[in-house]
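Just below is one structure, and these are the notes that go with it.
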Amino acid sequence: MSVEAETIEQRTAALKGLGTSRKRVEDSRFTQGKGNYVDDLKMPNMLFGDFVRSQHAHAYVKSIDTSAALALPGVIAVLTAKDLEPLSLHWMPTLAGDKQMVLADGKVLFQGQEVAFVVAEDRYIAADAIDLVKVEYEELPALVDPFKAELPDAPILREDIADNLEGAHGPRRHPNHIFTWEQGDKDATESILASAPVVAEEMVYYHRTHPCPLETCGAVASMDKVNGKLTLWGTFQAPHVVRTVASLLSGIAEHNIRVVSPDIGGGFGNKVGVYPGYVCAIVASIVTGQPVKWVEDRMENLTSTAFARDYHMQGKIAATAEGKILGLWCHTTADHGAFDACADPTKYPAGFMNICTGSYDIPTAYLAVDGIYTNKAPGGVAYRCSFRVTEAAYFIERMIEVLAIKLNMDAAELRSINFIRKEQFPYQSALGWEYDSGDYHSAWNKALEAVNYKALRAEQAKQVEAFKAGETRKLMGIGLCHFTEIVGAGPVKNCDILGMGMFDSCEIRIHPTGSAIARLGTISQGQGHATTFAQILASEIGISADDITIEEGDTDTAPYGLGTYGSRSTPVAGAATAMAGRKIRAKAQMIAAYLLEVHDNDVEWEVDRFVVKGAPERFKTMKEVAFASYTQAIPGVEPGLEAVSYYDPPNMTYPFGAYICVMDIDVDTGVSDIRQFFALDDCGTRINPMIIEGQVHGGLTEALAIALGQEIAYDELGNVKTGSLMDFFIPTSWETPNYTTDFTETPSPHHPIGAKGVGESPNVGGVPAFSNAINDAFKAFGLTHTHMPHDHWRIWKTANKLGLHA
Amino acid sequence: MIPGRFEYHQPESLDAAVGLLGKLGEDARVIAGGHSLIPMMKLRLAMPEHLVDLKAITDLKHITVDGGVISIGAMTTQAELIGSAELALAAPIVKETALQIADPQIRYQGTIGGNVANGDPGNDMPALMQCLDASFVLQGPDGQREVSAREFYEAAYFTAREDLEILSAVKFAVCSGGYAYEKQKRKIGDYATAAAAVLLTKGGDGGCSHAAIALTNLADTPLYCEEASNSLMQSGVDAASIDGAVASCMSIIEPVEDNRGPAEFKKHAASMVLRRAIELAWSRA
Ligand SMILES: Cc1cc2nc3c(=O)[nH]c(=O)nc-3n(C[C@H](O)[C@H](O)[C@H](O)COP(=O)(O)OP(=O)(O)OC[C@H]3O[C@@H](n4cnc5c(N)ncnc54)[C@H](O)[C@@H]3O)c2cc1C
């Protein structure tokens, strides 16, 4: 082997470290059907649990008769709230400081709510038994519209807390009101609105949708009555948090609980929450002493586990006649459903909605969010957006368009005038964030040039003329978006989940022969952690990524972490990985110096080895150091080569991007066709460009779905209208356009490797780009704003209202 | 999403299948590709106690063109309709329609017999069959009979087929001339927001010697538009007669609101889809 002959470049390339488009190591098992998901788990004597669910949105439960179900051969038990009550498990705390019924305790509050849990020998018997459980309901009027929640005749939903005037996030003004959250300067903003030369106003509704991961939620609980250990496998985006919660709820000591997230088939926030199914599976296993599996079907997933969005955002934006923005005001009515089961840090009941000043230097701003209970499923999770950042980005990117119309100004130009300038970073926003870095003008100009923006506008103007002349029935829309994200939650001083600080962790062991294993507190759901975290480490410690195993998801072996959501893995656990790697290197340096018989400071690091300063022919590779650490007695140095790092980020990271979408719209049928989509992302240091591109393609496709049709819709009685994939829109390759991706690279100044996270950017930035394109197409005919989802009939209705079918 | 209990039967001849149905009575259901029936069973909207699978009956799988008549066995899959070179020549509109049904995976399973027997107004083949003036061959305990597609559909999920009858084949004449099946849908795998099947033949004089129009998912049955078809034959195809034909069709549709949109939108979309189908068919005539 001629290691000596290799150049520095060759040695660097051999590491497959930062910047390498390394193929995903996970994919060989996934593409061969060899993944191991919760529903793949089979255990001797395993039982199956399934729910009796409410068909009503709001009703009292008068009685539950389980006798016929219990009489069915193969049925082991039927749990109701009465059975859970002695264990105090008929209710459970939510991650948002509220509580949620595990099984209906006297009433049901949304269609699909869990009423009873049937445990049977197999899932077929369980399904039959569900039909045999007789539940007697007394129907109550349903509250579906959050704007009617505080009317005198509104039904009171949460009778359990109707008299509590103080909620987890401050005062409540009505039994159906959850919290009011205010940020910024109300008076200053309102006085600017009163005096500004131009004020644009709009109600921007971001409809309710659902992350709908390919794999639904599920768990297998196994209580070993001999050793008192509970093992819980499940679809958990935060396995350690689940362990702590399970311990607190069940009273089982935390060391006696092992939580394992096996392969997860997509999460997107849907798998952050703790669901009644998990609790019931645990109780059923404790009761029966047998493993119990619970796995949702698709309809259950869509109708009962965490939804996303449902924000009604009333906005006002003030500017000078020249287009300099002076102030931003937003009041949001947040529909939380029947329980407040958001997964937000305690201090942020509306997540990071206060990033809604976006990419713009807006001196004064005010945001208020009112959380409201309705007879809908609980949730309010991310869906590939860090804590309401998607809502915030959609809001500001719509408001900018609305302001541009009011000013009669080009919307690209308006953005440019108002961007936070490069030299203003770190930038203190009016709503309280310190943006770490950015170069918006460069990204924006690059995007406009890439699509030849001026030519597009000229073509659009021609098209409008042709339409007016009756020569075509198609219109062209140009959707602009410049988004700024806030990810990487987060600094322990202000970010927590159920009190647990949002640090993350990495533990590394270097093996004697120079390969390694690293374990993290996060858990991949398809993001490719096993690939990318090995690359971070490869660059830090000089061992090829191919020789590093990444392991996550088993709380018995992985260090404590807060899990994967909100694009936090790379900003937080990725930082912990780099820091742990640096600890390895520090120790390795002492060993190398000893082996080379020089002082510690006389060696320096070079790609994969320590070299004696001034004597490049004298070196020790990391591999040699690793071997020595296990085989030699080195004075003053402990044997072995391991490190662990818990990383508390000093700030969030602020990825950004410039997206442009061009659409053609058939005015008569409402059919839209995406002609072009350009996506430029700046996520700081790029670890694996190919994975970034994959993340962007996936997130854009989700954004497309949300903008153009995907919704969880309820009728006025609270019935879910979109409970199956026939009506809940998931695009196939047919509906998905070709995306053009590009990047700029503005490293985060406070992150050890400058990385910012990218998993959510395309969803955050994609939705406004698609929606703006639809809105833009009708601008010439007097439209300022129309709500998503922009499916055929809503587009048609917009055209119809504008008189374009006359 | 787990169906109720049922017994599974797999007869090997049509007679045996008809016999089984007679014996098992109304608790039995025929299953073909299963792609309409199984979703209903999973939702427990259908809970047959016996499933009689037609899969093993080889006589039900054929496409023949003989003496100007096309006969397609009930168990012929939509993918087989698309793949048949003979059919593409003899009645290209069948392929054009089949390609707009669901997605490739479903088309490998779904059969023409199941699609026309199902009685769901969302199915695409029924309107096509009406447009082609097809007849359905029904085999029952009392022997065989034929029913015209234009008379087969009574209401959603109600057809002229008796419970104990099995639909064995569809038959229609070879068609020359212009054709089009236009369908608006929200996505791949979706049923029609509105769809139209149109056949137009140009006469020697440039007029329209044959016209047939039928519509999908715009009422609780497929709709054969007799008046519009006749009027095009009488007046030929031009801008004014197309307007007239579209107006005539629009007067008989009764779309209902669903997640695809309200009735007024569907009416408008239907008129657009139909107009485009007529124009396309005429351009091919
Ligand atoms: C996601 C999805 C999307 C779809 N989209 C479309 C679409 O766009 N357009 C469309 O037309 N269809 C669509 N379908 C339906 C699909 O084409 C079905 O396959 C078809 O409607 C039924 O054919 P089958 O062979 O699967 O019948 P089955 O599901 O087996 O049977 C349907 C019904 O017909 C009866 N039946 C079947 N065969 C016979 C027979 N020979 N004699 C008497 N009765 C019989 C059965 O008892 C049952 O009641 C879709 C299906 C799915 C799951």
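FYI, nothing fancy with the structure tokens labels: chains A, B, ... in order, residues from 1 per chain, ligands from 1 as they appear.
Those residues in stretch 163-264 of chain B carrying a DSSP assignment of alpha helix (DSSP H), computed from the backbone, are Glu226, Glu227, Ala228, Ser229, Asn230, Ser231, Leu232, Met233, Gln234, Ser235, Ala239, Ala240, Ser241, Ile242, Asp243, Gly244, Ala245, Val246, Ala247, Ser248, Cys249, Met250, Ala263 and Glu264 of chain B.
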Ligand 1: which residues are within 6 Å, counting only C-alpha atoms and all ligand atoms, as a PyMOL selection string? chain B and resi 29-37+74+101-102+110-111+113-115+117-118+123-125+166-168+189-191
Store the residues picked out above, limited to N, CA, C and O atoms, as a CSV table (one decimal), in the first residue's frame.
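Done, and the output landed in result_20.csv:
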chain,number,residue,atom,x,y,z
B,29,ARG,N,-70.7,-12.5,-3.7
B,29,ARG,CA,-70.4,-11.4,-4.6
B,29,ARG,C,-69.3,-12.0,-5.5
B,29,ARG,O,-68.4,-12.7,-5.1
B,30,VAL,N,-69.4,-11.6,-6.8
B,30,VAL,CA,-68.4,-11.9,-7.8
B,30,VAL,C,-67.2,-11.0,-7.5
B,30,VAL,O,-67.4,-9.8,-7.3
B,31,ILE,N,-66.0,-11.5,-7.6
B,31,ILE,CA,-64.8,-10.6,-7.6
B,31,ILE,C,-64.0,-10.8,-8.9
B,31,ILE,O,-63.7,-11.9,-9.3
B,32,ALA,N,-63.6,-9.7,-9.5
B,32,ALA,CA,-62.8,-9.7,-10.7
B,32,ALA,C,-61.4,-9.2,-10.3
B,32,ALA,O,-60.7,-9.9,-9.6
B,33,GLY,N,-61.1,-8.0,-10.7
B,33,GLY,CA,-59.8,-7.4,-10.3
B,33,GLY,C,-59.8,-6.9,-8.8
B,33,GLY,O,-58.7,-6.7,-8.3
B,34,GLY,N,-60.9,-6.7,-8.3
B,34,GLY,CA,-61.0,-6.4,-6.9
B,34,GLY,C,-60.7,-4.9,-6.6
B,34,GLY,O,-60.8,-4.5,-5.4
B,35,HIS,N,-60.4,-4.1,-7.6
B,35,HIS,CA,-60.0,-2.7,-7.3
B,35,HIS,C,-61.1,-1.7,-7.1
B,35,HIS,O,-60.9,-0.6,-6.8
B,36,SER,N,-62.4,-2.2,-7.2
B,36,SER,CA,-63.5,-1.4,-6.7
B,36,SER,C,-64.1,-2.1,-5.5
B,36,SER,O,-64.4,-1.5,-4.5
B,37,LEU,N,-64.1,-3.4,-5.5
B,37,LEU,CA,-64.8,-4.2,-4.5
B,37,LEU,C,-64.0,-4.2,-3.2
B,37,LEU,O,-64.5,-4.0,-2.1
B,74,ALA,N,-65.0,-10.5,-20.0
B,74,ALA,CA,-65.1,-9.7,-18.9
B,74,ALA,C,-63.8,-9.6,-18.0
B,74,ALA,O,-63.5,-8.6,-17.4
B,101,ILE,N,-57.6,5.7,-17.0
B,101,ILE,CA,-58.2,5.1,-15.8
B,101,ILE,C,-57.1,4.9,-14.8
B,101,ILE,O,-56.0,4.3,-15.1
B,102,ALA,N,-57.3,5.4,-13.6
B,102,ALA,CA,-56.4,5.1,-12.4
B,102,ALA,C,-55.0,5.2,-12.8
B,102,ALA,O,-54.5,6.2,-13.5
B,110,GLY,N,-57.5,-4.3,-12.6
B,110,GLY,CA,-58.9,-3.9,-12.9
B,110,GLY,C,-59.3,-4.5,-14.3
B,110,GLY,O,-58.5,-4.4,-15.2
B,111,THR,N,-60.5,-5.0,-14.3
B,111,THR,CA,-61.0,-5.6,-15.5
B,111,THR,C,-62.1,-4.8,-16.2
B,111,THR,O,-62.7,-4.0,-15.5
B,113,GLY,N,-64.9,-6.1,-17.3
B,113,GLY,CA,-66.1,-6.6,-16.7
B,113,GLY,C,-66.5,-5.9,-15.4
B,113,GLY,O,-67.6,-5.5,-15.2
B,114,GLY,N,-65.5,-5.9,-14.5
B,114,GLY,CA,-65.7,-5.2,-13.2
B,114,GLY,C,-66.0,-3.8,-13.4
B,114,GLY,O,-66.9,-3.2,-12.7
B,115,ASN,N,-65.3,-3.1,-14.3
B,115,ASN,CA,-65.5,-1.7,-14.5
B,115,ASN,C,-66.9,-1.4,-15.0
B,115,ASN,O,-67.6,-0.4,-14.5
B,117,ALA,N,-69.6,-3.5,-14.8
B,117,ALA,CA,-70.6,-4.1,-13.9
B,117,ALA,C,-70.8,-3.4,-12.6
B,117,ALA,O,-71.9,-3.4,-12.0
B,118,ASN,N,-69.7,-2.7,-12.2
B,118,ASN,CA,-69.7,-2.1,-10.9
B,118,ASN,C,-70.8,-1.1,-10.7
B,118,ASN,O,-71.4,-1.1,-9.6
B,123,ASN,N,-66.8,5.3,-12.9
B,123,ASN,CA,-66.0,4.5,-13.8
B,123,ASN,C,-66.1,5.0,-15.2
B,123,ASN,O,-67.1,5.6,-15.6
B,124,ASP,N,-65.0,4.8,-15.9
B,124,ASP,CA,-64.9,5.4,-17.2
B,124,ASP,C,-65.4,4.6,-18.4
B,124,ASP,O,-65.8,5.1,-19.4
B,125,MET,N,-65.3,3.2,-18.2
B,125,MET,CA,-65.8,2.3,-19.3
B,125,MET,C,-67.3,2.4,-19.6
B,125,MET,O,-67.6,2.3,-20.7
B,166,ILE,N,-73.8,-13.2,-14.2
B,166,ILE,CA,-72.4,-12.8,-14.4
B,166,ILE,C,-72.3,-12.2,-15.7
B,166,ILE,O,-72.8,-12.7,-16.7
B,167,LEU,N,-71.6,-11.1,-15.8
B,167,LEU,CA,-71.3,-10.4,-17.0
B,167,LEU,C,-70.1,-11.1,-17.7
B,167,LEU,O,-69.1,-11.1,-17.1
B,168,SER,N,-70.4,-11.7,-18.8
B,168,SER,CA,-69.3,-12.5,-19.4
B,168,SER,C,-68.5,-11.8,-20.5
B,168,SER,O,-67.3,-12.1,-20.7
B,189,GLY,N,-54.8,8.6,-11.0
B,189,GLY,CA,-55.5,7.7,-10.0
B,189,GLY,C,-56.8,8.3,-9.5
B,189,GLY,O,-57.4,7.7,-8.6
B,190,ASP,N,-57.2,9.4,-10.1
B,190,ASP,CA,-58.5,10.0,-9.7
B,190,ASP,C,-59.6,9.7,-10.7
B,190,ASP,O,-59.4,9.5,-11.9
B,191,TYR,N,-60.8,9.6,-10.1
B,191,TYR,CA,-62.0,9.5,-11.0
B,191,TYR,C,-62.2,10.9,-11.6
B,191,TYR,O,-61.7,11.9,-11.2
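Each of A:Ala341, A:Leu248, A:Ile687, A:Ala321 was checked against A:Ser21 using only C-alpha atoms; the smallest atom-to-atom distance is that of A:Ile687.
Inside stretch 221-278 of chain B, the residues DSSP reads as strand (DSSP E or B) when given the backbone are Leu223, Tyr224, Asp258 and Gly261 of chain B.
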Can you pull out the residues contacting A:Asp340? Cut-off 12 Å, using only C-alpha atoms, and skip same-chain residues under 5 positions away; I want them as an mmCIF file with N, CA, C and O atoms, in the first residue's frame.
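For reference, out.cif as written:
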data_model
loop_
_atom_site.group_PDB
_atom_site.id
_atom_site.type_symbol
_atom_site.label_atom_id
_atom_site.label_comp_id
_atom_site.auth_asym_id
_atom_site.auth_seq_id
_atom_site.Cartn_x
_atom_site.Cartn_y
_atom_site.Cartn_z
ATOM 1 N N MET A 92 -53.536 12.156 29.283
ATOM 2 C CA MET A 92 -52.068 12.267 29.291
ATOM 3 C C MET A 92 -51.675 13.703 28.974
ATOM 4 O O MET A 92 -52.440 14.425 28.329
ATOM 5 N N PRO A 93 -50.504 14.118 29.441
ATOM 6 C CA PRO A 93 -50.075 15.476 29.107
ATOM 7 C C PRO A 93 -49.700 15.560 27.627
ATOM 8 O O PRO A 93 -49.226 14.587 27.054
ATOM 9 N N THR A 94 -49.943 16.701 27.016
ATOM 10 C CA THR A 94 -49.451 16.899 25.648
ATOM 11 C C THR A 94 -48.106 17.614 25.718
ATOM 12 O O THR A 94 -47.722 18.129 26.778
ATOM 13 N N LEU A 95 -47.433 17.688 24.597
ATOM 14 C CA LEU A 95 -46.133 18.366 24.571
ATOM 15 C C LEU A 95 -46.297 19.881 24.667
ATOM 16 O O LEU A 95 -45.317 20.606 24.790
ATOM 17 N N ALA A 96 -47.560 20.353 24.630
ATOM 18 C CA ALA A 96 -47.784 21.800 24.657
ATOM 19 C C ALA A 96 -48.315 22.275 26.006
ATOM 20 O O ALA A 96 -48.818 23.384 26.119
ATOM 21 N N GLY A 97 -48.245 21.423 27.016
ATOM 22 C CA GLY A 97 -48.682 21.845 28.342
ATOM 23 C C GLY A 97 -50.169 21.655 28.590
ATOM 24 O O GLY A 97 -50.680 22.012 29.644
ATOM 25 N N ASP A 98 -50.871 21.104 27.615
ATOM 26 C CA ASP A 98 -52.284 20.773 27.800
ATOM 27 C C ASP A 98 -52.357 19.296 28.181
ATOM 28 O O ASP A 98 -51.329 18.646 28.408
ATOM 29 N N LYS A 99 -53.567 18.763 28.290
ATOM 30 C CA LYS A 99 -53.716 17.335 28.452
ATOM 31 C C LYS A 99 -54.702 16.824 27.433
ATOM 32 O O LYS A 99 -55.512 17.598 26.900
ATOM 33 N N GLN A 100 -54.628 15.557 27.164
ATOM 34 C CA GLN A 100 -55.416 14.958 26.088
ATOM 35 C C GLN A 100 -55.989 13.647 26.594
ATOM 36 O O GLN A 100 -55.323 12.918 27.321
ATOM 37 N N MET A 101 -57.232 13.361 26.186
ATOM 38 C CA MET A 101 -57.799 12.073 26.572
ATOM 39 C C MET A 101 -57.068 10.957 25.844
ATOM 40 O O MET A 101 -56.852 11.033 24.644
ATOM 41 N N ARG A 158 -64.041 22.001 26.033
ATOM 42 C CA ARG A 158 -63.236 21.372 27.091
ATOM 43 C C ARG A 158 -63.849 21.655 28.459
ATOM 44 O O ARG A 158 -63.406 22.533 29.189
ATOM 45 N N GLY A 167 -53.966 29.207 31.500
ATOM 46 C CA GLY A 167 -53.513 28.016 30.789
ATOM 47 C C GLY A 167 -52.006 27.888 30.878
ATOM 48 O O GLY A 167 -51.353 28.632 31.611
ATOM 49 N N ALA A 168 -51.461 26.956 30.114
ATOM 50 C CA ALA A 168 -50.015 26.730 30.152
ATOM 51 C C ALA A 168 -49.241 27.919 29.593
ATOM 52 O O ALA A 168 -48.048 28.075 29.835
ATOM 53 N N HIS A 169 -49.943 28.772 28.831
ATOM 54 C CA HIS A 169 -49.255 29.906 28.205
ATOM 55 C C HIS A 169 -49.927 31.214 28.568
ATOM 56 O O HIS A 169 -50.095 32.094 27.729
ATOM 57 N N ASN A 176 -63.119 28.210 25.303
ATOM 58 C CA ASN A 176 -62.610 27.662 24.042
ATOM 59 C C ASN A 176 -61.320 28.341 23.588
ATOM 60 O O ASN A 176 -60.840 28.093 22.482
ATOM 61 N N HIS A 177 -60.803 29.208 24.437
ATOM 62 C CA HIS A 177 -59.584 29.939 24.093
ATOM 63 C C HIS A 177 -58.407 29.276 24.805
ATOM 64 O O HIS A 177 -58.522 28.902 25.966
ATOM 65 N N ILE A 178 -57.305 29.095 24.128
ATOM 66 C CA ILE A 178 -56.173 28.380 24.737
ATOM 67 C C ILE A 178 -55.114 29.345 25.255
ATOM 68 O O ILE A 178 -54.649 29.250 26.378
ATOM 69 N N PHE A 179 -54.712 30.274 24.393
ATOM 70 C CA PHE A 179 -53.671 31.220 24.816
ATOM 71 C C PHE A 179 -53.665 32.423 23.881
ATOM 72 O O PHE A 179 -54.214 32.362 22.774
ATOM 73 N N GLY A 273 -45.287 13.667 18.298
ATOM 74 C CA GLY A 273 -46.228 13.629 19.411
ATOM 75 C C GLY A 273 -46.306 12.272 20.084
ATOM 76 O O GLY A 273 -45.813 11.263 19.588
ATOM 77 N N ALA A 306 -51.318 13.885 14.395
ATOM 78 C CA ALA A 306 -51.102 15.320 14.246
ATOM 79 C C ALA A 306 -51.199 15.887 12.834
ATOM 80 O O ALA A 306 -50.478 15.495 11.935
ATOM 81 N N PHE A 307 -52.074 16.868 12.726
ATOM 82 C CA PHE A 307 -52.221 17.668 11.513
ATOM 83 C C PHE A 307 -51.163 18.774 11.512
ATOM 84 O O PHE A 307 -50.373 18.909 12.436
ATOM 85 N N ALA A 334 -55.363 30.695 15.561
ATOM 86 C CA ALA A 334 -54.756 29.376 15.354
ATOM 87 C C ALA A 334 -55.735 28.297 15.780
ATOM 88 O O ALA A 334 -56.112 28.220 16.943
ATOM 89 N N ASP A 335 -56.144 27.482 14.829
ATOM 90 C CA ASP A 335 -57.095 26.397 15.112
ATOM 91 C C ASP A 335 -56.291 25.182 15.576
ATOM 92 O O ASP A 335 -55.606 24.537 14.790
ATOM 93 N N PRO A 349 -45.607 29.058 22.186
ATOM 94 C CA PRO A 349 -46.843 28.324 21.883
ATOM 95 C C PRO A 349 -47.282 28.454 20.431
ATOM 96 O O PRO A 349 -48.107 27.675 19.978
ATOM 97 N N ALA A 350 -46.744 29.422 19.718
ATOM 98 C CA ALA A 350 -47.009 29.502 18.278
ATOM 99 C C ALA A 350 -45.701 29.252 17.528
ATOM 100 O O ALA A 350 -45.465 29.785 16.448
ATOM 101 N N GLY A 371 -54.686 30.971 20.274
ATOM 102 C CA GLY A 371 -54.956 29.549 20.074
ATOM 103 C C GLY A 371 -56.396 29.250 20.463
ATOM 104 O O GLY A 371 -56.885 29.728 21.487
ATOM 105 N N ILE A 372 -57.081 28.461 19.632
ATOM 106 C CA ILE A 372 -58.510 28.198 19.835
ATOM 107 C C ILE A 372 -58.771 26.695 19.761
ATOM 108 O O ILE A 372 -58.189 25.991 18.933
ATOM 109 N N TYR A 373 -59.653 26.232 20.642
ATOM 110 C CA TYR A 373 -60.115 24.840 20.562
ATOM 111 C C TYR A 373 -61.256 24.719 19.565
ATOM 112 O O TYR A 373 -62.159 25.570 19.526
ATOM 113 N N THR A 374 -61.236 23.667 18.765
ATOM 114 C CA THR A 374 -62.357 23.339 17.880
ATOM 115 C C THR A 374 -62.568 21.824 17.925
ATOM 116 O O THR A 374 -61.720 21.101 18.445
ATOM 117 N N ASN A 375 -63.671 21.371 17.342
ATOM 118 C CA ASN A 375 -63.937 19.925 17.316
ATOM 119 C C ASN A 375 -63.226 19.278 16.133
ATOM 120 O O ASN A 375 -63.856 18.745 15.219
ATOM 121 N N LYS A 376 -61.926 19.368 16.173
ATOM 122 C CA LYS A 376 -61.106 18.746 15.130
ATOM 123 C C LYS A 376 -59.966 18.010 15.805
ATOM 124 O O LYS A 376 -59.686 18.226 16.991
ATOM 125 N N ALA A 377 -59.292 17.179 15.046
ATOM 126 C CA ALA A 377 -58.193 16.396 15.619
ATOM 127 C C ALA A 377 -57.111 17.325 16.166
ATOM 128 O O ALA A 377 -56.886 18.405 15.627
ATOM 129 N N PRO A 378 -56.471 16.911 17.254
ATOM 130 C CA PRO A 378 -55.403 17.729 17.817
ATOM 131 C C PRO A 378 -54.103 17.560 17.022
ATOM 132 O O PRO A 378 -53.971 16.628 16.241
ATOM 133 N N GLY A 379 -53.179 18.455 17.265
ATOM 134 C CA GLY A 379 -51.889 18.351 16.581
ATOM 135 C C GLY A 379 -51.287 19.727 16.438
ATOM 136 O O GLY A 379 -51.118 20.447 17.419
ATOM 137 N N GLY A 380 -51.013 20.106 15.217
ATOM 138 C CA GLY A 380 -50.387 21.400 14.996
ATOM 139 C C GLY A 380 -48.885 21.240 14.968
ATOM 140 O O GLY A 380 -48.152 22.010 15.577
ATOM 141 N N VAL A 381 -48.442 20.212 14.276
ATOM 142 C CA VAL A 381 -47.004 19.970 14.201
ATOM 143 C C VAL A 381 -46.421 20.613 12.956
ATOM 144 O O VAL A 381 -47.107 21.270 12.188
#
Identify every residue of chain B that has at least one atom within 9 Å of any atom of chain A, counting only C-alpha atoms, and report the result as a PDB file with C-alpha atoms, in the first residue's frame.
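Output file out_34.pdb follows:
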ATOM      1  CA  MET B   1     -59.326  -0.997   6.851  1.00  0.00           C
ATOM      2  CA  ILE B   2     -59.705  -4.721   7.385  1.00  0.00           C
ATOM      3  CA  PRO B   3     -62.602  -6.441   5.628  1.00  0.00           C
ATOM      4  CA  GLY B   4     -65.077  -8.645   7.390  1.00  0.00           C
ATOM      5  CA  ARG B   5     -64.861 -12.410   7.217  1.00  0.00           C
ATOM      6  CA  GLN B 184     -60.441  16.148 -16.340  1.00  0.00           C
ATOM      7  CA  LYS B 185     -59.160  14.787 -13.043  1.00  0.00           C
ATOM      8  CA  ARG B 186     -57.265  16.126 -10.070  1.00  0.00           C
ATOM      9  CA  LYS B 187     -54.368  13.714 -10.278  1.00  0.00           C
ATOM     10  CA  ILE B 188     -53.298  10.357 -11.567  1.00  0.00           C
ATOM     11  CA  GLY B 189     -55.494   7.720  -9.986  1.00  0.00           C
ATOM     12  CA  ASP B 190     -58.494   9.977  -9.663  1.00  0.00           C
ATOM     13  CA  TYR B 191     -61.985   9.531 -10.987  1.00  0.00           C
ATOM     14  CA  ASP B 258     -67.894  16.576  -3.799  1.00  0.00           C
ATOM     15  CA  ASN B 259     -64.228  17.288  -3.066  1.00  0.00           C
ATOM     16  CA  ARG B 260     -63.677  17.892  -6.766  1.00  0.00           C
ATOM     17  CA  GLY B 261     -65.848  20.964  -6.494  1.00  0.00           C
ATOM     18  CA  PRO B 262     -69.394  22.289  -6.556  1.00  0.00           C
ATOM     19  CA  PHE B 265     -67.835  24.243 -11.544  1.00  0.00           C
ATOM     20  CA  LYS B 266     -68.363  20.697 -12.738  1.00  0.00           C
ATOM     21  CA  HIS B 268     -68.429  24.393 -16.644  1.00  0.00           C
ATOM     22  CA  ALA B 269     -65.596  21.879 -16.678  1.00  0.00           C
ATOM     23  CA  ALA B 270     -67.887  19.353 -18.359  1.00  0.00           C
ATOM     24  CA  MET B 272     -65.031  22.430 -21.725  1.00  0.00           C
ATOM     25  CA  VAL B 273     -64.073  18.781 -21.673  1.00  0.00           C
TER      26      VAL B 273
END
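Going from atom CA of A:Leu89 to atom CA of A:Ser250 covers 8.0 Å.
Of the listed residues (A:Thr12, A:Thr66, A:Thr80, A:Thr631), A:Thr12 comes nearest to A:Glu540; the distances count only C-alpha atoms.
Counting only C-alpha atoms and comparing B:Ser209, B:Ser71, B:Asn217, B:Gln130, the residue that lies closest to B:Val170 is B:Ser71.
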